[in-house]
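This report concerns only the one structure given below.
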Protein chains: 2
Amino acid sequence: MTGDDDRGRKHTVIGSRTARVDASLKVTGGAIYGHDLVLPGMLHGRIVRSPVPHAILRSVDVSRARRVPGVVSVITGKDAACQPIGFLKDQPVLKADRVRCVRDEIAAVAAVTEEAAEEACRAIDVEYEPLPAVFDPFEAMKPEAPLLHQNAPRNRVPHYLEFKAGDAEKVLEKSEHVVEGSYRTPFTAPACPEPSFAAASFDSAGRLSLWASTQVPFYLRDVLSKCLGIPGYRIKVIQPSMGGAFGARLDVFPYEVIAALLARASGRPVTIAWSGQEEVECCATGQAVFVRLATGVSREGRLTARKCEVTLDAGAYTSWSVTQPQIMLMAVASLYRVENVAFRARSIYTNNPPSSAWTAYGNPPAVFAVEQQMDELARKLGMDPMTFRMLNANKPESTTPQKLRIRSCGLKQCIETAAHRVGIDRRKEKWEGVGLASAIHMGGGGRMFKSDGGGAVVKLSDYGKVSIITGAVEAGSGSTTALAMIAAEELGVPLEWVHVVAGDTDTAAWDAGSHSSRTTFVSGNAVLEACRKLKKQVVRHGAKLLGCAADDIEVKGGRVICRGDPSKSMALDRLVRAVHFTQGGEIFIESAFYDPPSEFPSRDMTGNLSATYTFTTHAVRLRVDPGTGRVRILKYVAVNDNGKVINRGGLAARVEGGIQQGLALALAQQLHRPGGEEEEGAASPRTTFRDYRVLTFRDSPEEIDVHFVETDDPVGPFGAKGAGETGCIPVAAAVANAIADAVGVRPRSLPITPDKVLALIRNRGGACS
Amino acid sequence: MTGDDDRGRKHTVIGSRTARVDASLKVTGGAIYGHDLVLPGMLHGRIVRSPVPHAILRSVDVSRARRVPGVVSVITGKDAACQPIGFLKDQPVLKADRVRCVRDEIAAVAAVTEEAAEEACRAIDVEYEPLPAVFDPFEAMKPEAPLLHQNAPRNRVPHYLEFKAGDAEKVLEKSEHVVEGSYRTPFTAPACPEPSFAAASFDSAGRLSLWASTQVPFYLRDVLSKCLGIPGYRIKVIQPSMGGAFGARLDVFPYEVIAALLARASGRPVTIAWSGQEEVECCATGQAVFVRLATGVSREGRLTARKCEVTLDAGAYTSWSVTQPQIMLMAVASLYRVENVAFRARSIYTNNPPSSAWTAYGNPPAVFAVEQQMDELARKLGMDPMTFRMLNANKPESTTPQKLRIRSCGLKQCIETAAHRVGIDRRKEKWEGVGLASAIHMGGGGRMFKSDGGGAVVKLSDYGKVSIITGAVEAGSGSTTALAMIAAEELGVPLEWVHVVAGDTDTAAWDAGSHSSRTTFVSGNAVLEACRKLKKQVVRHGAKLLGCAADDIEVKGGRVICRGDPSKSMALDRLVRAVHFTQGGEIFIESAFYDPPSEFPSRDMTGNLSATYTFTTHAVRLRVDPGTGRVRILKYVAVNDNGKVINRGGLAARVEGGIQQGLALALAQQLHRPGGEEEEGAASPRTTFRDYRVLTFRDSPEEIDVHFVETDDPVGPFGAKGAGETGCIPVAAAVANAIADAVGVRPRSLPITPDKVLALIRNRGGACS
């Protein structure tokens with residue numbers, strides 16, 4: 001099944017159900033990941049990390065380590081000249097004077113074998129003078145709490161975000177119904193199948209090549225340049241195949257810089273390849289989020305106002321995560337129509353390891369709060385949750401108080417279809433519940449840097465085949481396949497004819513990286529534009545070679561055809577060769593760059609964050625086991641407006657992956673506090689993948705039903721919008737609503753583990769967190 | 001010192017004396033050559049070769065080899081399905097039924113260690129039934145000679161070239177003076193410092209990556225595709241740093257295909273890295289050439305006619321070398337003005353190893369004959385060699401009988417300057433001689449394929465720095481530096497700001513490869529055109545940002561400046577970032593392709609082979625030691641018209657390198673006949689670099705004086721013409737003329753070794769070969 005759009009275009013590739021172009025490489029083990037990399041003369045790098053959460057470093061003695069046979073270089077914060085990193089440049093790459101969390105980087109070793117590197121790490125003697133530590137952001141704000149950074153009194157990160165539209169407080173007071181609540185989501189691990197990795201090599205002319213699993217190769221180049229004092233044009237970032245990212249590779253991390261420092265110190269290539277256990281212990285964590293939310297509604301069921309206070313646990317240093325409130329505000333102010341909004345967010349330093357981005361950038365915790373209150377309000381109004389949501393849903397071509405300009409919007413159809421497909425009115429057994437939740441997300445880029453653009457070079461080879469050279473990053477979402485499909489459709493060739501070359505900042509056009517579900521939309525538009533230029537060239541030559549008018553030429557199935565007289569046609573490769581292999585010949589190579597009409601987040605949090613937005617409604621039917629507290633998902637429905645669907649199979653799979661990830665957030669995953677207490681809001685380095693539960697096929701819902709409401713977006717490539725993250729966003733909220741429906745009590749914190757469900761059941765009639 | 005051209009342009013980079021941009025990598029050992037390559041799971045490939053020159057293969061038994069521990073795959077001509085290669089597709093990659101020369105490839109092995117591979121090679125049992133062999137092309141043409149290929153009666157390669165202008169035979173009869181002679185040049189080794197190398201790896205999706213030291217990556221991709229039956233777009237050719245080529249990497253050779261066959265058979269990457277000794281024994285040899293030439297002159301000293309017969313020893317199989325006569329004809333028909341020319345060339349199969357291209361593609365042997373006869377004719381006329389040559393020299397904007405269209409031409413100035421600088425009229429000691437010789441060569445590409453083009457993608461990064469992504473091949477001549485200088489000049493930035501990325505068919509625009517001294521001219525024009533487009537974009541934005549008219553903007557020293565008001569200016573990087581880092585921003589990336597007005601060689605050998613031509617005159621003063629026969633070069637002068645000089649130091653170094661190579665051809669180098677007799681025209685696999693003399697610094701002339709006659713070519717980038725090969729062409733001829741001047745007898749064959757000089761001296765008064 002392939003699609004055709006509302007503008008009457010018939011598509012042959014777009015809308016089809018297509019295997020990913022990188023599938024065979026990935027399933028056969030043929031994809032080359034960073035860990036597979038071998039460089040001539042390569043050394044193995046290892047990092048010595050702090051086992052204590054807060055301490056003065058009295059001394060770091062590396063003399064024994066230097067004597068370990070096979071050790072080539074040992075570096076510490078004292079001798080490695082390097083600028084600090086992080087959103088507020090508050091994190092030294094190697095900590096010289098003080099550690100602020102468990103796993104803080106203190107020293108690093110490069111040696112000829114992994115064993116020697118490990119032995120040398122053990123031979124580094126560090127003397128700590130312990131300091132009191134704080135792991136809870138609310139504790140951290142108290143005057144008596146230990147202070148992490150001098151410029152952050154009360155541990156408040158000096159990056160405070162506030163938004164105001166109308167007068168939420170006054171309107172709430174006058175609203176017919178108001179619900180209020182506090183909601184918590186824990187630190188999470190991205191749980192990428194591929195552990196983190198970085199390799200660095202200086203050539204003898206001083207040019208640095210850095211291989212890394214990164215979502216942002218051009219940004220990484222830039223940070224390395226500033227950090228190491230090397231001009232950016234003398235750095236090349238290479239991105240091998242990537243085994244997942246989920247936001248965890250969005251920033252630049254100490255280990256990437258350390259690889260370069262070790263390579264510089266030793267004059268040889270150095271690889272730092274984490275073990276699986278290291279990945280759990282030291283990964284960039286999803287941020288712990290605390291939301292306090294109040295929502296009001298009129299007698300007629302119209303949302304009147306929202307007041308929201310967000311507290312983020314930044315951990316010991318800042319990362320992009322301090323900007324998450326920009327996205328959280330979308331759920332609060334732009335998912336449903338509400339005129340009065342007061343929103344405040346603060347990030348707090350604690351002695352937890354630094355938090356980072358995680359899928360959908362704070363949107364899931366925000367929706368967890370917002371969508372539970374939608375259910376509570378519907379109940380107060382005596383309306384059903386579907387009708388109440390449809391009444392308040394956003395509409396196409398509208399502007400929200402936050403100044404998001406909604407273009408295409410299929411939210412109403414999503415709500416209606418999801419409710420219908422889950423059978424919201426169907427009879428429920430005892431302990432069965434049904435829950436709905438919707439989400440809005442970036443669908444047209446996200447201006448994380450001043451440029452939100454992406455470039456593409458597209459070549460047509462002498463074989464009539466297409467190469468796309470792109471700076472876009474395939475983080476596992478299938479965006480590469482989407483780019484190939486866009487090119488195939490526009491150039492009228494089979495998908496197998498398209499090859500995507502990526503992952504090298506030297507050869508690729510600039511790209512803002514893989515985030516904000518932006519690649520298919522932004523890079524897709526760039527690929528489309530470059531292909532249009534190429535097609536013009538093909539049509540011009542086709543008309544000449546076939547002897548017919550240019551507007552009578554079409555390219556289809558790899559052939560250039562005269563519409564008026566189909567007997568006049570030629571294979572595309574013949575055309576290319578005819579044009580190329582002649583005196584004064586031409587080749588077919590074009591480039592394009594697309595920067596969307598998205599706006600850089602402003603200090604007052606207004607602005608059109610993305611060129612267009614995606615919508616989704618999830619509906620879940622589940623049963624709670626009152627004996628064990630276990631939750632069994634009977635049916636999971638996700639109805640999505642991602643604009644026109646490019647790869648029907650791929651997008652469905654992406655949504656299913658998001659659902660699975662969302663279910664893990666809802667029911668299973670959390671990183672624990674260093675002390676070992678099972679409490680939210682802290683990350684422990686002692687977790688393993690045995691207790692940090694990544695859901696597997698066994699935990700999958702009995703039935704997953706992914707459906708698409710295909711709006712035709714006016715700015716998306718072939719009407720498509722971004723889709724990478726939406727599948728994950730409303731899952732926890734939908735599950736929480738269904739559990740509340742089943743047991744009559746509302747969960748307020750994630751994950752909703754079996755013992756928490758049992759506590760809910762015990763608390764029936766009262767509130768429970 | 002930098003240049004400015006006749007059109008009044010002031011240059012800041014072009015014409016300067018500049019270190020090669022790859023110099024620091026090369027001199028520090030930091031450049032990565034093929035032999036440095038390590039691929040995960042890589043196997044070592046070795047080839048079993050024939051020790052006999054001609055035989056039926058009775059049996060090839062690999063059963064013992066397969067049992068050698070560590071062996072992963074063994075292939076023979078019987079089981080490796082693969083199309084034959086060579087100019088006439090006459091060479092099986094692995095020989096199944098018959099071997100036709102020593103070193104013919106019979107079987108190949110891939111094993112986990114080099115030792116295992118070698119042991120397995122020794123364990124392959126081959127049974128040969130010897131056949132009579134022939135090593136001399138004139139013997140090979142006899143009816144009783146053993147026949148090498150069924151479709152080639154009398155061993156004549158079915159590729160016969162003939163050219164006729166006027167009536168040479170009749171005119172010769174009526175000419176005032178006629179000289180006649182036979183000239184021989186031997187098989188030579190390219191003697192690349194880097195032994196041959198190929199590595200192949202299939203990914204699990206079946207895409208082939210082939211790393212090779214090749215001058216023609218796109219052609220190699222094409223041949224591999226046909227040979228292996230893999231679509232060309234599923235092959236990527238990667239070219240690491242290259243340690244010399246000299247024509248020896250111009251073709252596709254069995255070892256390159258065998259690497260791919262072994263990789264396919266073993267399912268693992270395979271590298272075939274030759275040893276230094278293998279390189280001498282198995283390299284692509286420079287062809288043995290036999291020239292019979294007659295030249296006539298009028299009483300006034302005008303050349304009247306030339307008749308030339310060329311016999312080429314193709315060896316056992318054809319390579320590009322059978323097309324060498326196209327270039328040889330240039331020396332005969334287009335260096336000096338001559339209206340009547342009869343030229344015939346035949347290539348003959350022998351049981352010598354197949355010959356290939358060598359620097360300047362037959363031009364040195366042709367000039368060796370032509371320029372000796374110029375001296376002989378001058379003597380007969382009683383004219384001095386300089387005056388006689390100037391009288392007959394070609395002129396700018398003329399067309400030769402061969403239909404070469406000469407554009408810029410500084411030949412007369414070259415002759416005069418060279419003669420002057422060597423002191424042609426200066427007193428000579430006894431046994432001292434002075435010789436002159438000139439050459440014409442391709443300066444504007446050479447259409448070896450139907451496309452003679454080259455493409456470039458040029459990017460301006462956010463750092464204001466320039467990246468050139470090119471398919472052009474740096475074979476060691478310094479072309480990369482020239483490309484960088486062209487970009488720096490056009491974009492108004494320091495040379496250090498330009499970085500050239502090359503060597504990957506996936507990311508680069510198509511290029512015809514490194515041959516015919518074409519890279520600086522063809523790819524230079526492509527780079528220039530792409531830079532012009534970029535500059536237009538810079539100027540457009542500069543005008544807007546600085547608030548002045550576009551035609552008032554200049555870019556100089558990395559700054560964009562308003563000419564009328566220089567206080568208005570900004571750094572280029574600031575401009576790029578201002579344009580890029582904004583909503584709807586642009587990046588700076590442009591591509592261009594240049595295919596010169598050169599013509600594909602026609603069957604009648606007429607046509608304009610190159611868009612423009614280079615000229616050079618060499619003059620040498622030497623002394624012969626009558627006791628030892630040794631020749632001592634006292635002064636060597638090379639005056640060159642390569643158009644405008646781009647890199648003054650680099651080009652001088654390139655010319656000096658060519659002189660050294662030419663001196664080796666003149667005085668030292670030859671590959672010997674398998675039987676071990678020291679006779680020209682045959683190549684032995686038992687030569688080592690101990691007896692195949694590569695001249696070193698010790699053998700260098702006492703003084704080398706390189707001078708440039710800078711014509712401003714109308715089609716060259718910044719007026720430049722190609723320059724890679726010219727330095728080598730007239731050396732042997734000039735040396736021969738000087739030796740003849742010193743001893744009174746003319747050498748007719750190369751190399752002019754000391755014993756040959758002694759024989760000349762003994763023969764004074766008589767002819768000697």
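Lettering and numbering for the structure tokens are positional, with chains as A, B, ... in the shown order, residues counted from 1 in each chain, and ligands counted from 1 in the shown order.
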
(request) Can you pull out every residue within 8 Å of region 378-381 of chain B, counting only C-alpha atoms, but drop anything in the same chain fewer than 4 positions away, and send it as a list in words? (result) His177, Arg299, Gly301, Met374, Pro385 and Phe388 of chain B

(request) Please determine the contact residues of chain A with respect to chain B at a cut-off of 8 Å, counting only C-alpha atoms, and supply them as number ranges by chain. (result) A: 24-25, 28-31, 36-40, 203-205, 231-233, 449-453, 455, 459, 461, 463, 465, 467, 469, 501, 506-507, 509-510, 580-587, 589-591, 593-599

Could you dump the residues just selected with N, CA and C atoms as a compact mmCIF listing (two decimals), in the first residue's frame?
```txt
# COMPACT_ATOMS: atom_id res chain seq x y z
N SER A 24 19.50 -5.06 6.57
CA SER A 24 20.27 -6.29 6.39
C SER A 24 21.62 -6.16 7.10
N LEU A 25 22.22 -4.98 7.05
CA LEU A 25 23.48 -4.78 7.78
C LEU A 25 23.29 -5.00 9.27
N THR A 28 22.38 -8.77 10.30
CA THR A 28 23.42 -9.78 10.08
C THR A 28 24.67 -9.51 10.90
N GLY A 29 24.63 -8.44 11.68
CA GLY A 29 25.84 -8.12 12.46
C GLY A 29 26.90 -7.45 11.63
N GLY A 30 26.54 -7.02 10.46
CA GLY A 30 27.54 -6.44 9.55
C GLY A 30 27.77 -4.96 9.74
N ALA A 31 26.88 -4.31 10.48
CA ALA A 31 27.07 -2.87 10.71
C ALA A 31 28.31 -2.68 11.57
N ASP A 36 33.72 -1.84 17.14
CA ASP A 36 34.40 -2.68 16.15
C ASP A 36 35.66 -2.02 15.60
N LEU A 37 35.81 -0.76 15.92
CA LEU A 37 36.87 0.04 15.29
C LEU A 37 38.26 -0.43 15.71
N VAL A 38 39.13 -0.57 14.74
CA VAL A 38 40.54 -0.86 15.01
C VAL A 38 41.36 0.19 14.27
N LEU A 39 42.21 0.88 14.99
CA LEU A 39 43.07 1.87 14.34
C LEU A 39 44.51 1.42 14.52
N PRO A 40 45.35 1.65 13.50
CA PRO A 40 46.74 1.20 13.63
C PRO A 40 47.39 1.84 14.86
N ASP A 203 46.42 13.16 13.47
CA ASP A 203 47.43 12.85 12.48
C ASP A 203 48.65 13.72 12.75
N SER A 204 49.72 13.43 12.04
CA SER A 204 50.97 14.11 12.40
C SER A 204 50.95 15.57 11.99
N ALA A 205 49.91 15.99 11.25
CA ALA A 205 49.76 17.41 10.96
C ALA A 205 48.88 18.08 12.01
N PRO A 231 41.42 24.61 16.23
CA PRO A 231 40.42 25.20 15.33
C PRO A 231 39.46 24.12 14.82
N GLY A 232 38.19 24.48 14.76
CA GLY A 232 37.16 23.50 14.39
C GLY A 232 37.40 22.86 13.05
N TYR A 233 38.00 23.58 12.11
CA TYR A 233 38.19 22.99 10.79
C TYR A 233 39.33 21.98 10.78
N PHE A 449 20.12 24.96 18.33
CA PHE A 449 21.18 25.92 18.02
C PHE A 449 20.55 27.05 17.20
N LYS A 450 21.32 28.08 16.95
CA LYS A 450 20.74 29.16 16.16
C LYS A 450 20.37 28.67 14.76
N SER A 451 21.06 27.65 14.28
CA SER A 451 20.63 27.03 13.03
C SER A 451 19.91 25.74 13.35
N ASP A 452 18.77 25.56 12.73
CA ASP A 452 18.01 24.31 12.88
C ASP A 452 18.03 23.56 11.55
N GLY A 453 19.06 23.84 10.76
CA GLY A 453 19.05 23.35 9.39
C GLY A 453 19.73 22.01 9.20
N GLY A 455 21.67 19.86 5.69
CA GLY A 455 22.03 19.93 4.28
C GLY A 455 22.14 18.55 3.67
N LYS A 459 23.81 12.87 -5.45
CA LYS A 459 24.47 12.56 -6.72
C LYS A 459 23.67 11.50 -7.47
N SER A 461 24.63 8.68 -10.09
CA SER A 461 25.85 8.10 -10.64
C SER A 461 25.65 7.67 -12.08
N TYR A 463 25.51 4.91 -13.06
CA TYR A 463 24.66 3.73 -13.05
C TYR A 463 23.20 4.11 -12.86
N LYS A 465 22.07 5.49 -10.38
CA LYS A 465 21.72 5.31 -8.97
C LYS A 465 21.99 6.59 -8.19
N SER A 467 23.06 8.72 -4.73
CA SER A 467 23.74 8.78 -3.44
C SER A 467 23.32 10.05 -2.73
N ILE A 469 24.52 12.30 0.33
CA ILE A 469 25.58 12.52 1.32
C ILE A 469 25.03 13.53 2.31
N VAL A 501 24.97 8.05 2.43
CA VAL A 501 26.30 8.12 3.02
C VAL A 501 26.25 9.18 4.12
N ASP A 506 33.55 15.97 7.62
CA ASP A 506 34.39 16.50 6.54
C ASP A 506 33.64 16.54 5.20
N THR A 507 32.88 15.52 4.95
CA THR A 507 32.26 15.42 3.62
C THR A 507 30.80 15.85 3.61
N ALA A 509 27.29 18.02 4.45
CA ALA A 509 26.82 19.38 4.69
C ALA A 509 26.37 19.46 6.15
N TRP A 510 26.45 20.64 6.70
CA TRP A 510 26.15 20.85 8.11
C TRP A 510 24.75 20.36 8.47
N HIS A 580 27.07 12.71 -19.34
CA HIS A 580 28.39 12.76 -18.70
C HIS A 580 29.52 12.46 -19.69
N PHE A 581 29.35 11.35 -20.42
CA PHE A 581 30.48 10.85 -21.22
C PHE A 581 30.53 11.51 -22.59
N THR A 582 30.77 12.78 -22.57
CA THR A 582 30.88 13.55 -23.80
C THR A 582 31.69 14.80 -23.50
N GLN A 583 32.26 15.35 -24.53
CA GLN A 583 33.05 16.57 -24.34
C GLN A 583 32.16 17.67 -23.77
N GLY A 584 32.65 18.36 -22.75
CA GLY A 584 31.84 19.40 -22.11
C GLY A 584 30.67 18.80 -21.34
N GLY A 585 30.83 17.55 -20.96
CA GLY A 585 29.74 16.84 -20.28
C GLY A 585 29.40 17.43 -18.91
N GLU A 586 28.30 16.95 -18.38
CA GLU A 586 27.87 17.35 -17.04
C GLU A 586 27.73 16.10 -16.18
N ILE A 587 27.91 16.26 -14.88
CA ILE A 587 27.52 15.19 -13.99
C ILE A 587 26.34 15.69 -13.18
N ILE A 589 25.06 16.32 -9.72
CA ILE A 589 25.34 16.48 -8.30
C ILE A 589 24.75 17.81 -7.86
N GLU A 590 23.97 17.78 -6.83
CA GLU A 590 23.33 19.00 -6.35
C GLU A 590 23.33 19.00 -4.83
N SER A 591 23.31 20.19 -4.27
CA SER A 591 23.20 20.27 -2.82
C SER A 591 22.06 21.20 -2.44
N PHE A 593 20.17 23.03 1.33
CA PHE A 593 20.17 23.21 2.78
C PHE A 593 18.79 23.73 3.14
N TYR A 594 18.23 23.18 4.18
CA TYR A 594 16.90 23.62 4.60
C TYR A 594 16.95 24.01 6.06
N ASP A 595 16.58 25.22 6.33
CA ASP A 595 16.44 25.65 7.72
C ASP A 595 14.98 26.04 7.92
N PRO A 596 14.29 25.33 8.80
CA PRO A 596 12.84 25.51 8.90
C PRO A 596 12.44 26.81 9.59
N PRO A 597 11.19 27.21 9.42
CA PRO A 597 10.70 28.41 10.12
C PRO A 597 10.39 28.12 11.59
N SER A 598 11.34 27.50 12.26
CA SER A 598 11.20 27.28 13.70
C SER A 598 11.93 28.40 14.41
N GLU A 599 11.52 28.67 15.64
CA GLU A 599 12.12 29.80 16.35
C GLU A 599 12.96 29.36 17.54
```

(message) Using only C-alpha atoms, which protein or nucleic acid residues come within 12 Å of Ala652 (chain B)? Drop anything in the same chain fewer than 5 positions from it, and give the result as a PyMOL selection string.
(response) chain B and resi 15-19+477-478+637-642+645-647+657-659+704-708+723-724+726-727

Residues from last step as file, N, CA and C atoms, as a compact mmCIF listing (two decimals), in the first residue's frame:
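Result written to part-v5.txt:
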```
# COMPACT_ATOMS: atom_id res chain seq x y z
N GLY B 15 51.23 31.33 -7.69
CA GLY B 15 52.56 31.79 -8.06
C GLY B 15 53.52 31.85 -6.89
N SER B 16 53.03 31.59 -5.69
CA SER B 16 53.94 31.64 -4.55
C SER B 16 54.72 30.33 -4.43
N ARG B 17 55.72 30.36 -3.61
CA ARG B 17 56.54 29.18 -3.34
C ARG B 17 56.02 28.56 -2.05
N THR B 18 55.29 27.46 -2.18
CA THR B 18 54.50 26.97 -1.07
C THR B 18 54.84 25.53 -0.75
N ALA B 19 54.96 25.23 0.53
CA ALA B 19 55.15 23.83 0.93
C ALA B 19 53.87 23.07 0.62
N SER B 477 52.15 14.15 -7.20
CA SER B 477 52.68 15.26 -8.00
C SER B 477 52.49 16.61 -7.34
N GLY B 478 51.67 16.66 -6.28
CA GLY B 478 51.41 17.95 -5.64
C GLY B 478 50.12 18.59 -6.12
N VAL B 637 69.54 21.99 -17.10
CA VAL B 637 68.63 23.12 -17.22
C VAL B 637 67.30 22.63 -17.77
N ALA B 638 66.21 23.01 -17.12
CA ALA B 638 64.88 22.69 -17.66
C ALA B 638 64.08 23.98 -17.69
N VAL B 639 63.68 24.36 -18.87
CA VAL B 639 62.86 25.57 -19.01
C VAL B 639 61.48 25.13 -19.48
N ASN B 640 60.48 25.57 -18.73
CA ASN B 640 59.17 24.96 -18.88
C ASN B 640 58.09 25.99 -19.16
N ASP B 641 57.25 25.66 -20.12
CA ASP B 641 56.01 26.42 -20.29
C ASP B 641 54.87 25.54 -19.81
N ASN B 642 54.55 25.70 -18.52
CA ASN B 642 53.37 25.03 -17.97
C ASN B 642 52.29 26.07 -17.72
N VAL B 645 52.45 29.60 -13.37
CA VAL B 645 52.88 28.69 -12.32
C VAL B 645 51.98 28.88 -11.09
N ILE B 646 51.46 27.80 -10.59
CA ILE B 646 50.61 27.90 -9.40
C ILE B 646 51.47 27.82 -8.14
N ASN B 647 52.21 26.74 -7.99
CA ASN B 647 53.09 26.59 -6.83
C ASN B 647 54.54 26.58 -7.33
N GLY B 657 62.05 16.19 -9.88
CA GLY B 657 61.75 14.76 -9.75
C GLY B 657 61.68 14.11 -11.12
N GLY B 658 61.05 14.80 -12.06
CA GLY B 658 60.95 14.27 -13.41
C GLY B 658 62.33 14.13 -14.04
N ILE B 659 63.19 15.10 -13.81
CA ILE B 659 64.55 15.05 -14.36
C ILE B 659 65.28 13.82 -13.81
N ILE B 704 71.03 21.80 -10.83
CA ILE B 704 69.78 21.73 -11.59
C ILE B 704 69.18 23.13 -11.59
N ASP B 705 68.84 23.58 -12.76
CA ASP B 705 68.34 24.95 -12.94
C ASP B 705 66.97 24.85 -13.61
N VAL B 706 65.92 25.03 -12.81
CA VAL B 706 64.56 24.94 -13.35
C VAL B 706 64.02 26.35 -13.54
N HIS B 707 63.54 26.61 -14.71
CA HIS B 707 63.10 27.96 -15.04
C HIS B 707 61.74 27.89 -15.74
N PHE B 708 60.92 28.91 -15.54
CA PHE B 708 59.60 28.87 -16.15
C PHE B 708 59.38 30.02 -17.12
N ALA B 723 51.19 19.81 -15.49
CA ALA B 723 52.64 19.84 -15.35
C ALA B 723 53.23 18.56 -14.79
N GLY B 724 52.42 17.57 -14.51
CA GLY B 724 52.91 16.41 -13.77
C GLY B 724 54.03 15.66 -14.45
N THR B 726 55.83 16.55 -17.55
CA THR B 726 56.77 17.16 -18.50
C THR B 726 58.23 17.05 -18.10
N GLY B 727 58.50 17.12 -16.80
CA GLY B 727 59.89 17.12 -16.35
C GLY B 727 60.69 15.91 -16.81
```

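Residue-level DSSP output for region 297-385 of chain B, from the backbone, shows strand (DSSP E or B) at Val297, Leu303, Thr304, Ala305, Arg306, Lys307, Cys308, Glu309, Val310, Thr311, Leu312, Asp313, Ala314, Gly315, Tyr336, Asn340, Val341, Ala342, Phe343, Arg344, Ala345, Arg346, Ser347, Ile348, Tyr349, Ser355 and Ser356 of chain B.
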
(request) Considering only C-alpha atoms, return as a ChimeraX atom specification whatever protein or nucleic-acid residues lie within 8 Å of Ala80 (chain B), sequence-local ones (same chain, fewer than 3 positions apart) excluded. (result) /B:75-77,94,261

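Distance check against Pro401 (chain B) using only C-alpha atoms: of B:Asn151, B:Gln287, B:Ser298, B:Asn608, the minimum falls on B:Asn608.
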
(message) So that I can see what lies close to Gly243 (chain A), please list as JSON, numbers by chain the residues with an atom at most 9 Å from it, counting only C-alpha atoms and leaving out residues fewer than 4 positions away in the same chain.
(response) {"A": [33, 192, 193, 194, 195, 213, 475, 476]}

(message) Taking 5 positions as the minimum chain separation for residues in the same chain, which residues sit within 7 Å of region 335-352 of chain B when counting only C-alpha atoms? Answer as a ChimeraX atom specification.
(response) /B:53-54,100-101,133-137,140,148,155-157,160-168,303-317,322,325,330,392-394,401,439-440,682-683

(request) Based on DSSP run over this structure's backbone, return all residues of region 220-414 of chain A in helix (DSSP H, G or I), as a ChimeraX atom specification. (result) /A:220-228,232-234,254-266,276-282,320-323,325-333,363-381,385-392,411-414

(request) Please identify all polymer residues within 12 Å of Cys282 (chain A), counting only C-alpha atoms, omitting same-chain residues fewer than 5 positions from it, and present them as number ranges by chain. (result) A: 47-51, 101-105, 188-191, 195-197, 248, 253-255, 274-277, 352-356, 671, 683-688
